[in-house]
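Worksheet for the structure shown next.
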There are 2 protein chains.
Amino acid sequence: MDAYEVNEKEIDYNKVIAEFGASLITDELARKINHPLVPSLFFAHRDLDKIIDQEFAIVSGRGPSRYMHLGHLLLFSFVRDLQKKFKAFTFIPFSDDEKLLARNIGYEQVLLMDYENLLDLLALGFDLKKTEFMFDLVNMKQEVYNLAIKISSKLTLSTVKSALGFEPSQSIGIHFYPAIQAAHILYPTASFDLPVLVPIGIDQDVFVKLTRDVASSLGLKKPSDIMSKFLPGLTGGKMSSSKPETAIYTTDSYEEVKRKIWNAFTGGRATAKEQREKGGNPEVCVVNKYLKIFFGIDNSEACRRGEILCGECKKMLVEKLWEMLSKHQKEREKAKKKAEQAAPELVEIVEKIRK
Amino acid sequence: MDAYEVNEKEIDYNKVIAEFGASLITDELARKINHPLVPSLFFAHRDLDKIIDQEFAIVSGRGPSRYMHLGHLLLFSFVRDLQKKFKAFTFIPFSDDEKLLARNIGYEQVLLMDYENLLDLLALGFDLKKTEFMFDLVNMKQEVYNLAIKISSKLTLSTVKSALGFEPSQSIGIHFYPAIQAAHILYPTASFDLPVLVPIGIDQDVFVKLTRDVASSLGLKKPSDIMSKFLPGLTGGKMSSSKPETAIYTTDSYEEVKRKIWNAFTGGRATAKEQREKGGNPEVCVVNKYLKIFFGIDNSEACRRGEILCGECKKMLVEKLWEMLSKHQKEREKAKKKAEQAAPELVEIVEKIRK
């Protein structure tokens, strides 16, 4: 499975879990986490049961992009909730360097994306006393660099190639990058002797697995992770920060939210008449999924019975989303002041770039 | 040719130069440099003629080792002389990270080597106002890291493999390292818009060549280099920081110098009688070479005529070397104070390690 491109429809989660050697979240673990998205969305883990009763750190990286979308918000809201519940030191490294390596994006552009994404995270209300942001191209910590070097000495080219499938025509930077990512993950363990939890989309688990293997060879405790299922894109495929029709962006206007939801993929029939008679198919409906995941509203039964039409669900979702998003956008505006405290070096550079 | 293991005896310098596409130092260039080791030892270059009449920076890296030997001192004395003559900003990066990657040496051990080697360099009297020391594992500059990332995005795995011949069983760190080395070299160009001169042993030219190629793709001026021939080891092979019999170390005692020179490889005959009758072979004599290179003393003719015996040359060399070395050791002792100014972070860490 290629970590970079996964289509939700192809995934049988139970099979994947078996193949990965991960575990499903048990009732007991779910009770301890006590979060509405567990286990409905965050459904599997590696060794979380081993650290949940002690002090641990959370690492949740961000590959900066022009826009953050609802899927990102959901993940980082979950991280924020975990931080609060477990009083966990939280490390949020921005892999802006990986963007230079893997995409054809300019240096200044990447730093502006760092800043825009930071605003979204700050808007979520992380506890800044317990949160550390690092931007690889701005304030790479010496400890993280040294850790990346040590890790890179333990990972052979053939190991990385077989785990991630790179080609010789790709850059040495791409081949090296897993070492930096592993260093991000292992930083709290190496520097503060804290076990680490990584909340992560299932497609990223391969990096955690690689990091777990290398942690052993460095004599460090293996990181744990908690994995989420895919949140489907509005058009039924994958959400993308570069395909506006697939996702609601955190900066979208009411009109944009409305248009995107109105064009979203549903399980509706060809006509209202037909739907009233035969009922819709809520299993495949993105609108239905969003209502459930984001707002705990389940219209499935009413849909199946033909008692509710797509237009009604869409309208409901637009209003709910906009309520959430307009609040987020206000917090995002306020976050511009917090940014100076949370990431002074980045703010300084971004101000220079904008002049 | 493998950059990591070259045997002097196999080298036909003219052929190498032709193969490398480098140029011999012309009389005009030698006059401008005006140094006793040019062109006798530093005999070839790439594009030095293009920058010699303008302001340029010097980059001379150090892969730290337990001991520095006379060959290292000679190179860095040359760097110091160039710095003085051309008032050149000089960047001296310590590739301590590469030691972790390529050898099985512990982290603290490497930092102690950084420190010991720094003392030798400071003893040579670099102009600290114009010199910057960087230790990758201690004070890696963000600019250098960012440059390494950019460079690593332009170097494909196959390019690096064909230039340096790595194997898939080697670490991803080893494969990435050329990007860091190139970043060292290009730092003054990228950060201060200064063209760069790299004084270098001919076996290291391949890294400069790789850096020149990648500089173009980043829109940066290609670095120039000036290449030295090999200085033979005392036993006739290569000098090594880990084989005491092959080299005089900067910290050797008088007794050690004496013993090593007394065991050195010469062009002498089996007996004194035979040598007086038939003469010796100064061409292959290491003692003769050292007298010439370090002290400008040429006993070749007298040797050929049988007028001087190996013992006399050795005695002469021991006395001359000790005069030089004891002076260096005094300066090296004084350098412990300078180190705090030149490398405060390193000194702080080393003090912690030693406690």
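In the structure tokens, each chain is lettered A, B, ... as it comes, each chain's residues begin at 1, and ligands are numbered from 1 in order of appearance.
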
With DSSP run on the backbone, what are the strand (DSSP E) residues within stretch 58-188 of chain A? I'd like them as a PDB file with all heavy atoms, in the first residue's frame.
ATOM      1  N   ILE A  58       2.311  13.929  23.209  1.00  0.00           N
ATOM      2  CA  ILE A  58       1.644  13.730  21.914  1.00  0.00           C
ATOM      3  C   ILE A  58       2.503  14.391  20.841  1.00  0.00           C
ATOM      4  O   ILE A  58       3.014  15.496  21.040  1.00  0.00           O
ATOM      5  CB  ILE A  58       0.245  14.381  21.908  1.00  0.00           C
ATOM      6  CG1 ILE A  58      -0.616  13.786  23.026  1.00  0.00           C
ATOM      7  CG2 ILE A  58      -0.419  14.219  20.554  1.00  0.00           C
ATOM      8  CD1 ILE A  58      -1.916  14.562  23.261  1.00  0.00           C
ATOM      9  N   VAL A  59       2.685  13.702  19.734  1.00  0.00           N
ATOM     10  CA  VAL A  59       3.333  14.329  18.579  1.00  0.00           C
ATOM     11  C   VAL A  59       2.349  14.282  17.427  1.00  0.00           C
ATOM     12  O   VAL A  59       1.802  13.229  17.099  1.00  0.00           O
ATOM     13  CB  VAL A  59       4.631  13.605  18.177  1.00  0.00           C
ATOM     14  CG1 VAL A  59       5.224  14.247  16.918  1.00  0.00           C
ATOM     15  CG2 VAL A  59       5.651  13.649  19.310  1.00  0.00           C
ATOM     16  N   THR A  90       2.655  18.548  24.114  1.00  0.00           N
ATOM     17  CA  THR A  90       2.302  18.280  22.714  1.00  0.00           C
ATOM     18  C   THR A  90       3.296  18.966  21.780  1.00  0.00           C
ATOM     19  O   THR A  90       3.518  20.176  21.867  1.00  0.00           O
ATOM     20  CB  THR A  90       0.868  18.775  22.426  1.00  0.00           C
ATOM     21  OG1 THR A  90      -0.020  18.112  23.340  1.00  0.00           O
ATOM     22  CG2 THR A  90       0.454  18.459  21.004  1.00  0.00           C
ATOM     23  N   PHE A  91       3.894  18.163  20.919  1.00  0.00           N
ATOM     24  CA  PHE A  91       4.901  18.667  19.981  1.00  0.00           C
ATOM     25  C   PHE A  91       4.283  18.661  18.590  1.00  0.00           C
ATOM     26  O   PHE A  91       3.793  17.631  18.121  1.00  0.00           O
ATOM     27  CB  PHE A  91       6.130  17.755  20.040  1.00  0.00           C
ATOM     28  CG  PHE A  91       7.251  18.174  19.137  1.00  0.00           C
ATOM     29  CD1 PHE A  91       7.737  19.478  19.134  1.00  0.00           C
ATOM     30  CD2 PHE A  91       7.848  17.246  18.280  1.00  0.00           C
ATOM     31  CE1 PHE A  91       8.789  19.860  18.312  1.00  0.00           C
ATOM     32  CE2 PHE A  91       8.903  17.609  17.456  1.00  0.00           C
ATOM     33  CZ  PHE A  91       9.370  18.923  17.472  1.00  0.00           C
ATOM     34  N   ILE A  92       4.274  19.842  17.959  1.00  0.00           N
ATOM     35  CA  ILE A  92       3.676  19.944  16.622  1.00  0.00           C
ATOM     36  C   ILE A  92       4.734  20.425  15.626  1.00  0.00           C
ATOM     37  O   ILE A  92       4.946  21.624  15.459  1.00  0.00           O
ATOM     38  CB  ILE A  92       2.450  20.892  16.633  1.00  0.00           C
ATOM     39  CG1 ILE A  92       1.434  20.407  17.700  1.00  0.00           C
ATOM     40  CG2 ILE A  92       1.816  20.969  15.245  1.00  0.00           C
ATOM     41  CD1 ILE A  92       0.139  21.184  17.747  1.00  0.00           C
ATOM     42  N   PRO A  93       5.440  19.488  15.005  1.00  0.00           N
ATOM     43  CA  PRO A  93       6.459  19.866  14.012  1.00  0.00           C
ATOM     44  C   PRO A  93       5.829  20.074  12.640  1.00  0.00           C
ATOM     45  O   PRO A  93       4.980  19.296  12.217  1.00  0.00           O
ATOM     46  CB  PRO A  93       7.374  18.638  13.997  1.00  0.00           C
ATOM     47  CG  PRO A  93       6.492  17.492  14.354  1.00  0.00           C
ATOM     48  CD  PRO A  93       5.382  18.032  15.221  1.00  0.00           C
ATOM     49  N   PHE A  94       6.219  21.147  11.987  1.00  0.00           N
ATOM     50  CA  PHE A  94       5.748  21.426  10.626  1.00  0.00           C
ATOM     51  C   PHE A  94       6.810  20.934   9.648  1.00  0.00           C
ATOM     52  O   PHE A  94       7.932  21.449   9.631  1.00  0.00           O
ATOM     53  CB  PHE A  94       5.540  22.936  10.440  1.00  0.00           C
ATOM     54  CG  PHE A  94       4.232  23.449  10.966  1.00  0.00           C
ATOM     55  CD1 PHE A  94       3.896  23.331  12.307  1.00  0.00           C
ATOM     56  CD2 PHE A  94       3.319  24.061  10.110  1.00  0.00           C
ATOM     57  CE1 PHE A  94       2.689  23.811  12.792  1.00  0.00           C
ATOM     58  CE2 PHE A  94       2.103  24.543  10.578  1.00  0.00           C
ATOM     59  CZ  PHE A  94       1.786  24.423  11.917  1.00  0.00           C
ATOM     60  N   THR A 131       2.575  23.248  24.722  1.00  0.00           N
ATOM     61  CA  THR A 131       2.658  22.950  23.291  1.00  0.00           C
ATOM     62  C   THR A 131       3.922  23.573  22.704  1.00  0.00           C
ATOM     63  O   THR A 131       4.251  24.716  23.006  1.00  0.00           O
ATOM     64  CB  THR A 131       1.437  23.531  22.539  1.00  0.00           C
ATOM     65  OG1 THR A 131       0.247  23.108  23.201  1.00  0.00           O
ATOM     66  CG2 THR A 131       1.413  23.069  21.093  1.00  0.00           C
ATOM     67  N   GLU A 132       4.599  22.806  21.876  1.00  0.00           N
ATOM     68  CA  GLU A 132       5.779  23.350  21.199  1.00  0.00           C
ATOM     69  C   GLU A 132       5.599  23.192  19.693  1.00  0.00           C
ATOM     70  O   GLU A 132       5.386  22.083  19.200  1.00  0.00           O
ATOM     71  CB  GLU A 132       7.029  22.592  21.671  1.00  0.00           C
ATOM     72  CG  GLU A 132       8.311  23.189  21.128  1.00  0.00           C
ATOM     73  CD  GLU A 132       9.566  22.565  21.753  1.00  0.00           C
ATOM     74  OE1 GLU A 132       9.459  21.803  22.735  1.00  0.00           O
ATOM     75  OE2 GLU A 132      10.655  22.838  21.227  1.00  0.00           O
ATOM     76  N   PHE A 133       5.669  24.311  18.981  1.00  0.00           N
ATOM     77  CA  PHE A 133       5.619  24.276  17.521  1.00  0.00           C
ATOM     78  C   PHE A 133       7.052  24.351  16.986  1.00  0.00           C
ATOM     79  O   PHE A 133       7.860  25.125  17.492  1.00  0.00           O
ATOM     80  CB  PHE A 133       4.832  25.471  16.976  1.00  0.00           C
ATOM     81  CG  PHE A 133       3.379  25.475  17.367  1.00  0.00           C
ATOM     82  CD1 PHE A 133       2.936  26.222  18.452  1.00  0.00           C
ATOM     83  CD2 PHE A 133       2.457  24.719  16.652  1.00  0.00           C
ATOM     84  CE1 PHE A 133       1.594  26.220  18.827  1.00  0.00           C
ATOM     85  CE2 PHE A 133       1.109  24.716  17.018  1.00  0.00           C
ATOM     86  CZ  PHE A 133       0.678  25.468  18.104  1.00  0.00           C
ATOM     87  N   MET A 134       7.341  23.543  15.998  1.00  0.00           N
ATOM     88  CA  MET A 134       8.650  23.667  15.354  1.00  0.00           C
ATOM     89  C   MET A 134       8.450  23.641  13.843  1.00  0.00           C
ATOM     90  O   MET A 134       7.680  22.830  13.331  1.00  0.00           O
ATOM     91  CB  MET A 134       9.580  22.521  15.769  1.00  0.00           C
ATOM     92  CG  MET A 134      10.980  22.681  15.187  1.00  0.00           C
ATOM     93  SD  MET A 134      12.070  21.283  15.616  1.00  0.00           S
ATOM     94  CE  MET A 134      11.533  20.078  14.400  1.00  0.00           C
ATOM     95  N   PHE A 135       9.134  24.553  13.163  1.00  0.00           N
ATOM     96  CA  PHE A 135       9.064  24.619  11.707  1.00  0.00           C
ATOM     97  C   PHE A 135      10.459  24.266  11.192  1.00  0.00           C
ATOM     98  O   PHE A 135      11.412  25.017  11.424  1.00  0.00           O
ATOM     99  CB  PHE A 135       8.644  26.025  11.267  1.00  0.00           C
ATOM    100  CG  PHE A 135       7.385  26.475  11.967  1.00  0.00           C
ATOM    101  CD1 PHE A 135       7.445  27.082  13.227  1.00  0.00           C
ATOM    102  CD2 PHE A 135       6.143  26.233  11.400  1.00  0.00           C
ATOM    103  CE1 PHE A 135       6.292  27.453  13.898  1.00  0.00           C
ATOM    104  CE2 PHE A 135       4.981  26.602  12.065  1.00  0.00           C
ATOM    105  CZ  PHE A 135       5.060  27.212  13.319  1.00  0.00           C
TER     106      PHE A 135
END

For stretch 212-223 of chain A: contacts at 9 Å, only C-alpha atoms, fewer than 5 positions along chain excluded, given as a compact mmCIF listing (two decimals) with N, CA and C atoms, in the first residue's frame:
# COMPACT_ATOMS: atom_id res chain seq x y z
N ARG A 46 -1.59 1.23 18.18
CA ARG A 46 -0.45 0.39 18.51
C ARG A 46 0.01 0.77 19.92
N ASP A 47 -0.07 -0.15 20.83
CA ASP A 47 0.49 0.01 22.18
C ASP A 47 -0.02 1.21 22.97
N LEU A 48 -1.17 1.75 22.58
CA LEU A 48 -1.71 2.86 23.36
C LEU A 48 -2.06 2.39 24.77
N LYS A 150 21.20 10.36 13.88
CA LYS A 150 21.35 9.05 14.51
C LYS A 150 20.38 8.03 13.89
N ILE A 151 19.15 8.45 13.70
CA ILE A 151 18.15 7.56 13.10
C ILE A 151 18.58 7.16 11.69
N LYS A 154 20.76 4.30 11.24
CA LYS A 154 20.21 2.97 11.55
C LYS A 154 19.26 2.47 10.47
N LEU A 155 18.87 3.34 9.56
CA LEU A 155 17.95 2.94 8.50
C LEU A 155 18.72 2.72 7.21
N ALA A 182 10.86 10.55 11.67
CA ALA A 182 11.03 9.71 12.86
C ALA A 182 11.61 10.54 14.01
N ILE A 185 8.93 12.40 15.72
CA ILE A 185 8.13 11.53 16.59
C ILE A 185 8.88 11.18 17.88
N LEU A 186 10.18 10.95 17.75
CA LEU A 186 10.93 10.47 18.92
C LEU A 186 11.51 11.58 19.79
N THR A 189 10.66 11.57 23.50
CA THR A 189 11.24 10.41 24.16
C THR A 189 12.74 10.60 24.37
N ALA A 190 13.42 11.05 23.32
CA ALA A 190 14.87 11.22 23.41
C ALA A 190 15.25 12.37 24.33
N ASP A 193 12.44 11.88 27.89
CA ASP A 193 12.15 10.53 28.37
C ASP A 193 10.65 10.26 28.53
N LEU A 194 9.84 10.86 27.66
CA LEU A 194 8.39 10.65 27.69
C LEU A 194 7.98 9.69 26.58
N PRO A 195 7.12 8.71 26.89
CA PRO A 195 6.58 7.91 25.79
C PRO A 195 5.69 8.79 24.92
N VAL A 196 5.54 8.41 23.66
CA VAL A 196 4.86 9.27 22.70
C VAL A 196 3.61 8.59 22.13
N LEU A 197 2.56 9.40 21.96
CA LEU A 197 1.37 8.97 21.24
C LEU A 197 1.24 9.81 19.97
N VAL A 198 1.05 9.14 18.85
CA VAL A 198 0.87 9.84 17.58
C VAL A 198 -0.54 9.58 17.05
N PHE A 207 4.81 5.21 8.54
CA PHE A 207 5.92 5.99 9.10
C PHE A 207 6.11 5.69 10.59

Please find the residues of chain A near chain B - the criterion being any atom within 6 Å, counting only C-alpha atoms - and write them as a PDB file with all heavy atoms, in the first residue's frame.
ATOM      1  N   LEU A 101      10.937  19.294  -0.667  1.00  0.00           N
ATOM      2  CA  LEU A 101      11.510  18.080  -1.260  1.00  0.00           C
ATOM      3  C   LEU A 101      10.535  17.385  -2.193  1.00  0.00           C
ATOM      4  O   LEU A 101      10.907  16.934  -3.274  1.00  0.00           O
ATOM      5  CB  LEU A 101      11.909  17.092  -0.156  1.00  0.00           C
ATOM      6  CG  LEU A 101      13.126  17.473   0.683  1.00  0.00           C
ATOM      7  CD1 LEU A 101      13.268  16.511   1.845  1.00  0.00           C
ATOM      8  CD2 LEU A 101      14.371  17.449  -0.189  1.00  0.00           C
ATOM      9  N   LEU A 137      12.178  24.498   8.627  1.00  0.00           N
ATOM     10  CA  LEU A 137      12.970  25.463   7.854  1.00  0.00           C
ATOM     11  C   LEU A 137      13.183  26.776   8.603  1.00  0.00           C
ATOM     12  O   LEU A 137      13.798  27.704   8.073  1.00  0.00           O
ATOM     13  CB  LEU A 137      12.289  25.750   6.512  1.00  0.00           C
ATOM     14  CG  LEU A 137      12.217  24.581   5.520  1.00  0.00           C
ATOM     15  CD1 LEU A 137      11.401  24.974   4.290  1.00  0.00           C
ATOM     16  CD2 LEU A 137      13.623  24.157   5.092  1.00  0.00           C
ATOM     17  N   ASN A 146      20.063  16.206  15.410  1.00  0.00           N
ATOM     18  CA  ASN A 146      20.983  15.145  15.854  1.00  0.00           C
ATOM     19  C   ASN A 146      20.276  13.784  15.897  1.00  0.00           C
ATOM     20  O   ASN A 146      20.860  12.765  15.517  1.00  0.00           O
ATOM     21  CB  ASN A 146      21.544  15.475  17.239  1.00  0.00           C
ATOM     22  CG  ASN A 146      22.492  16.667  17.197  1.00  0.00           C
ATOM     23  OD1 ASN A 146      22.655  17.299  16.152  1.00  0.00           O
ATOM     24  ND2 ASN A 146      23.110  16.980  18.318  1.00  0.00           N
ATOM     25  N   SER A 152      19.055   8.146  10.937  1.00  0.00           N
ATOM     26  CA  SER A 152      19.419   7.868   9.542  1.00  0.00           C
ATOM     27  C   SER A 152      20.601   6.914   9.448  1.00  0.00           C
ATOM     28  O   SER A 152      20.817   6.287   8.416  1.00  0.00           O
ATOM     29  CB  SER A 152      19.728   9.168   8.794  1.00  0.00           C
ATOM     30  OG  SER A 152      21.010   9.653   9.129  1.00  0.00           O
ATOM     31  N   SER A 153      21.362   6.803  10.530  1.00  0.00           N
ATOM     32  CA  SER A 153      22.490   5.857  10.519  1.00  0.00           C
ATOM     33  C   SER A 153      21.997   4.428  10.750  1.00  0.00           C
ATOM     34  O   SER A 153      22.720   3.466  10.500  1.00  0.00           O
ATOM     35  CB  SER A 153      23.525   6.244  11.575  1.00  0.00           C
ATOM     36  OG  SER A 153      23.082   5.877  12.870  1.00  0.00           O
ATOM     37  N   LEU A 155      18.873   3.345   9.560  1.00  0.00           N
ATOM     38  CA  LEU A 155      17.946   2.940   8.499  1.00  0.00           C
ATOM     39  C   LEU A 155      18.723   2.723   7.208  1.00  0.00           C
ATOM     40  O   LEU A 155      19.315   3.665   6.670  1.00  0.00           O
ATOM     41  CB  LEU A 155      16.891   4.031   8.267  1.00  0.00           C
ATOM     42  CG  LEU A 155      15.770   4.186   9.284  1.00  0.00           C
ATOM     43  CD1 LEU A 155      14.935   5.430   8.970  1.00  0.00           C
ATOM     44  CD2 LEU A 155      14.873   2.950   9.302  1.00  0.00           C
ATOM     45  N   THR A 156      18.694   1.509   6.695  1.00  0.00           N
ATOM     46  CA  THR A 156      19.392   1.302   5.427  1.00  0.00           C
ATOM     47  C   THR A 156      18.503   1.760   4.273  1.00  0.00           C
ATOM     48  O   THR A 156      17.283   1.848   4.393  1.00  0.00           O
ATOM     49  CB  THR A 156      19.745  -0.180   5.184  1.00  0.00           C
ATOM     50  OG1 THR A 156      18.527  -0.906   5.016  1.00  0.00           O
ATOM     51  CG2 THR A 156      20.536  -0.749   6.342  1.00  0.00           C
ATOM     52  N   LEU A 157      19.156   2.046   3.173  1.00  0.00           N
ATOM     53  CA  LEU A 157      18.418   2.450   1.988  1.00  0.00           C
ATOM     54  C   LEU A 157      17.416   1.374   1.593  1.00  0.00           C
ATOM     55  O   LEU A 157      16.279   1.669   1.237  1.00  0.00           O
ATOM     56  CB  LEU A 157      19.388   2.701   0.830  1.00  0.00           C
ATOM     57  CG  LEU A 157      18.738   3.296  -0.406  1.00  0.00           C
ATOM     58  CD1 LEU A 157      18.412   4.759  -0.184  1.00  0.00           C
ATOM     59  CD2 LEU A 157      19.623   3.125  -1.620  1.00  0.00           C
ATOM     60  N   SER A 158      17.815   0.129   1.689  1.00  0.00           N
ATOM     61  CA  SER A 158      16.902  -0.932   1.242  1.00  0.00           C
ATOM     62  C   SER A 158      15.683  -1.057   2.159  1.00  0.00           C
ATOM     63  O   SER A 158      14.580  -1.317   1.681  1.00  0.00           O
ATOM     64  CB  SER A 158      17.630  -2.275   1.090  1.00  0.00           C
ATOM     65  OG  SER A 158      18.462  -2.524   2.184  1.00  0.00           O
ATOM     66  N   PRO A 168      15.177   5.265  -7.685  1.00  0.00           N
ATOM     67  CA  PRO A 168      16.486   5.921  -7.758  1.00  0.00           C
ATOM     68  C   PRO A 168      16.452   7.283  -8.452  1.00  0.00           C
ATOM     69  O   PRO A 168      17.349   8.102  -8.276  1.00  0.00           O
ATOM     70  CB  PRO A 168      17.338   4.943  -8.581  1.00  0.00           C
ATOM     71  CG  PRO A 168      16.651   3.632  -8.460  1.00  0.00           C
ATOM     72  CD  PRO A 168      15.194   3.925  -8.306  1.00  0.00           C
ATOM     73  N   SER A 169      15.385   7.527  -9.225  1.00  0.00           N
ATOM     74  CA  SER A 169      15.298   8.831  -9.886  1.00  0.00           C
ATOM     75  C   SER A 169      14.784   9.899  -8.930  1.00  0.00           C
ATOM     76  O   SER A 169      14.759  11.077  -9.256  1.00  0.00           O
ATOM     77  CB  SER A 169      14.365   8.734 -11.095  1.00  0.00           C
ATOM     78  OG  SER A 169      13.076   8.341 -10.651  1.00  0.00           O
ATOM     79  N   GLN A 170      14.373   9.480  -7.727  1.00  0.00           N
ATOM     80  CA  GLN A 170      13.940  10.471  -6.730  1.00  0.00           C
ATOM     81  C   GLN A 170      15.146  10.983  -5.955  1.00  0.00           C
ATOM     82  O   GLN A 170      16.211  10.361  -5.933  1.00  0.00           O
ATOM     83  CB  GLN A 170      12.908   9.828  -5.791  1.00  0.00           C
ATOM     84  CG  GLN A 170      11.556   9.633  -6.480  1.00  0.00           C
ATOM     85  CD  GLN A 170      10.511   9.070  -5.516  1.00  0.00           C
ATOM     86  OE1 GLN A 170      10.442   7.874  -5.299  1.00  0.00           O
ATOM     87  NE2 GLN A 170       9.700   9.945  -4.953  1.00  0.00           N
ATOM     88  N   SER A 171      14.952  12.116  -5.319  1.00  0.00           N
ATOM     89  CA  SER A 171      16.079  12.810  -4.701  1.00  0.00           C
ATOM     90  C   SER A 171      16.570  12.097  -3.431  1.00  0.00           C
ATOM     91  O   SER A 171      15.838  11.344  -2.802  1.00  0.00           O
ATOM     92  CB  SER A 171      15.668  14.239  -4.340  1.00  0.00           C
ATOM     93  OG  SER A 171      14.814  14.227  -3.220  1.00  0.00           O
ATOM     94  N   ILE A 172      17.824  12.378  -3.076  1.00  0.00           N
ATOM     95  CA  ILE A 172      18.345  11.837  -1.821  1.00  0.00           C
ATOM     96  C   ILE A 172      17.601  12.452  -0.633  1.00  0.00           C
ATOM     97  O   ILE A 172      17.500  11.845   0.429  1.00  0.00           O
ATOM     98  CB  ILE A 172      19.870  12.040  -1.663  1.00  0.00           C
ATOM     99  CG1 ILE A 172      20.277  13.503  -1.837  1.00  0.00           C
ATOM    100  CG2 ILE A 172      20.629  11.164  -2.656  1.00  0.00           C
ATOM    101  CD1 ILE A 172      21.742  13.776  -1.478  1.00  0.00           C
ATOM    102  N   GLY A 173      17.053  13.648  -0.834  1.00  0.00           N
ATOM    103  CA  GLY A 173      16.264  14.273   0.232  1.00  0.00           C
ATOM    104  C   GLY A 173      15.027  13.449   0.564  1.00  0.00           C
ATOM    105  O   GLY A 173      14.715  13.207   1.730  1.00  0.00           O
ATOM    106  N   PHE A 176      15.978  10.470   2.490  1.00  0.00           N
ATOM    107  CA  PHE A 176      16.414  10.778   3.858  1.00  0.00           C
ATOM    108  C   PHE A 176      15.236  11.168   4.742  1.00  0.00           C
ATOM    109  O   PHE A 176      15.270  10.989   5.959  1.00  0.00           O
ATOM    110  CB  PHE A 176      17.418  11.929   3.810  1.00  0.00           C
ATOM    111  CG  PHE A 176      17.965  12.345   5.149  1.00  0.00           C
ATOM    112  CD1 PHE A 176      18.837  11.524   5.852  1.00  0.00           C
ATOM    113  CD2 PHE A 176      17.629  13.574   5.716  1.00  0.00           C
ATOM    114  CE1 PHE A 176      19.357  11.904   7.081  1.00  0.00           C
ATOM    115  CE2 PHE A 176      18.149  13.972   6.948  1.00  0.00           C
ATOM    116  CZ  PHE A 176      19.009  13.133   7.622  1.00  0.00           C
TER     117      PHE A 176
END

Original post:
Smallest atom-to-atom distance to B:Asp114: which of B:Gly267, B:Val350, B:Glu307, B:Leu24, using only C-alpha atoms?
Top reply: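 Going through B:Gly267, B:Val350, B:Glu307, B:Leu24 one by one, the smallest distance to B:Asp114 is for B:Val350.
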
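Within the 12 Å cut-off around B:Met239, using only C-alpha atoms and omitting residues fewer than 5 positions from it on the same chain, the listed residues are Glu5, Val6, Asn7, Glu8, Tyr67, Met68, His69, Leu70, Gly71, His72, Phe230, Leu231, Pro232, Gly233, Leu234, Pro244, Glu245, Thr246, Ala247, Ile248, Tyr249, Ala264 and Val286 of chain B.
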
Original post:
Can you list, as a ChimeraX atom specification, every protein, DNA or RNA residue that comes within 10 Å of A:Phe20 when you count only C-alpha atoms, leaving out same-chain residues fewer than 6 positions away?
Top reply: /A:14,46,202,205-206,209

Write a file of the selected residues as an mmCIF file, in the first residue's frame, keeping N, CA and C atoms.
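What follows is the written file again_20.cif:
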data_model
loop_
_atom_site.group_PDB
_atom_site.id
_atom_site.type_symbol
_atom_site.label_atom_id
_atom_site.label_comp_id
_atom_site.auth_asym_id
_atom_site.auth_seq_id
_atom_site.Cartn_x
_atom_site.Cartn_y
_atom_site.Cartn_z
ATOM 1 N N ASN A 14 -10.679 -3.926 8.790
ATOM 2 C CA ASN A 14 -10.276 -5.076 9.604
ATOM 3 C C ASN A 14 -9.077 -5.795 8.991
ATOM 4 N N ARG A 46 -1.593 1.229 18.177
ATOM 5 C CA ARG A 46 -0.447 0.391 18.514
ATOM 6 C C ARG A 46 0.011 0.775 19.924
ATOM 7 N N ILE A 202 -4.785 6.538 9.005
ATOM 8 C CA ILE A 202 -4.276 5.184 8.825
ATOM 9 C C ILE A 202 -3.227 5.103 7.708
ATOM 10 N N ASP A 205 0.384 5.390 8.970
ATOM 11 C CA ASP A 205 0.880 4.428 9.959
ATOM 12 C C ASP A 205 2.232 3.839 9.576
ATOM 13 N N VAL A 206 2.484 3.723 8.289
ATOM 14 C CA VAL A 206 3.747 3.127 7.850
ATOM 15 C C VAL A 206 4.958 3.884 8.410
ATOM 16 N N LYS A 209 5.336 2.891 11.981
ATOM 17 C CA LYS A 209 5.891 1.544 12.050
ATOM 18 C C LYS A 209 7.418 1.582 11.851
#

Could you tell me, as a PDB file with C-alpha atoms, in the first residue's frame, which residues of stretch 212-259 of chain B DSSP assigns to alpha helix (DSSP H) when given the backbone?
ATOM      1  CA  ARG B 212      29.480  22.400  -8.643  1.00  0.00           C
ATOM      2  CA  ASP B 213      26.842  20.468 -10.559  1.00  0.00           C
ATOM      3  CA  VAL B 214      24.153  21.093  -7.976  1.00  0.00           C
ATOM      4  CA  ALA B 215      25.104  24.776  -7.550  1.00  0.00           C
ATOM      5  CA  SER B 216      24.074  25.408 -11.140  1.00  0.00           C
ATOM      6  CA  SER B 217      20.677  23.847 -10.622  1.00  0.00           C
ATOM      7  CA  TYR B 254      59.553  14.387  21.248  1.00  0.00           C
ATOM      8  CA  GLU B 255      60.121  10.684  21.883  1.00  0.00           C
ATOM      9  CA  GLU B 256      57.195   9.738  19.695  1.00  0.00           C
ATOM     10  CA  VAL B 257      58.326  11.976  16.867  1.00  0.00           C
ATOM     11  CA  LYS B 258      61.793  10.510  17.094  1.00  0.00           C
ATOM     12  CA  ARG B 259      60.567   6.926  17.096  1.00  0.00           C
TER      13      ARG B 259
END

**OP:** Write out as a list in words which residues come within 12 Å of B:Glu331 when counting only C-alpha atoms, dropping same-chain ones fewer than 5 positions away.
**Re:**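 Answer for this query is Leu119, Asp120, Leu121, Leu122, Ala123, Leu124, Gly125, Phe126, Thr250, Thr251, Met324, Leu325, Ser326, Lys336, Lys337 and Lys338 of chain B.
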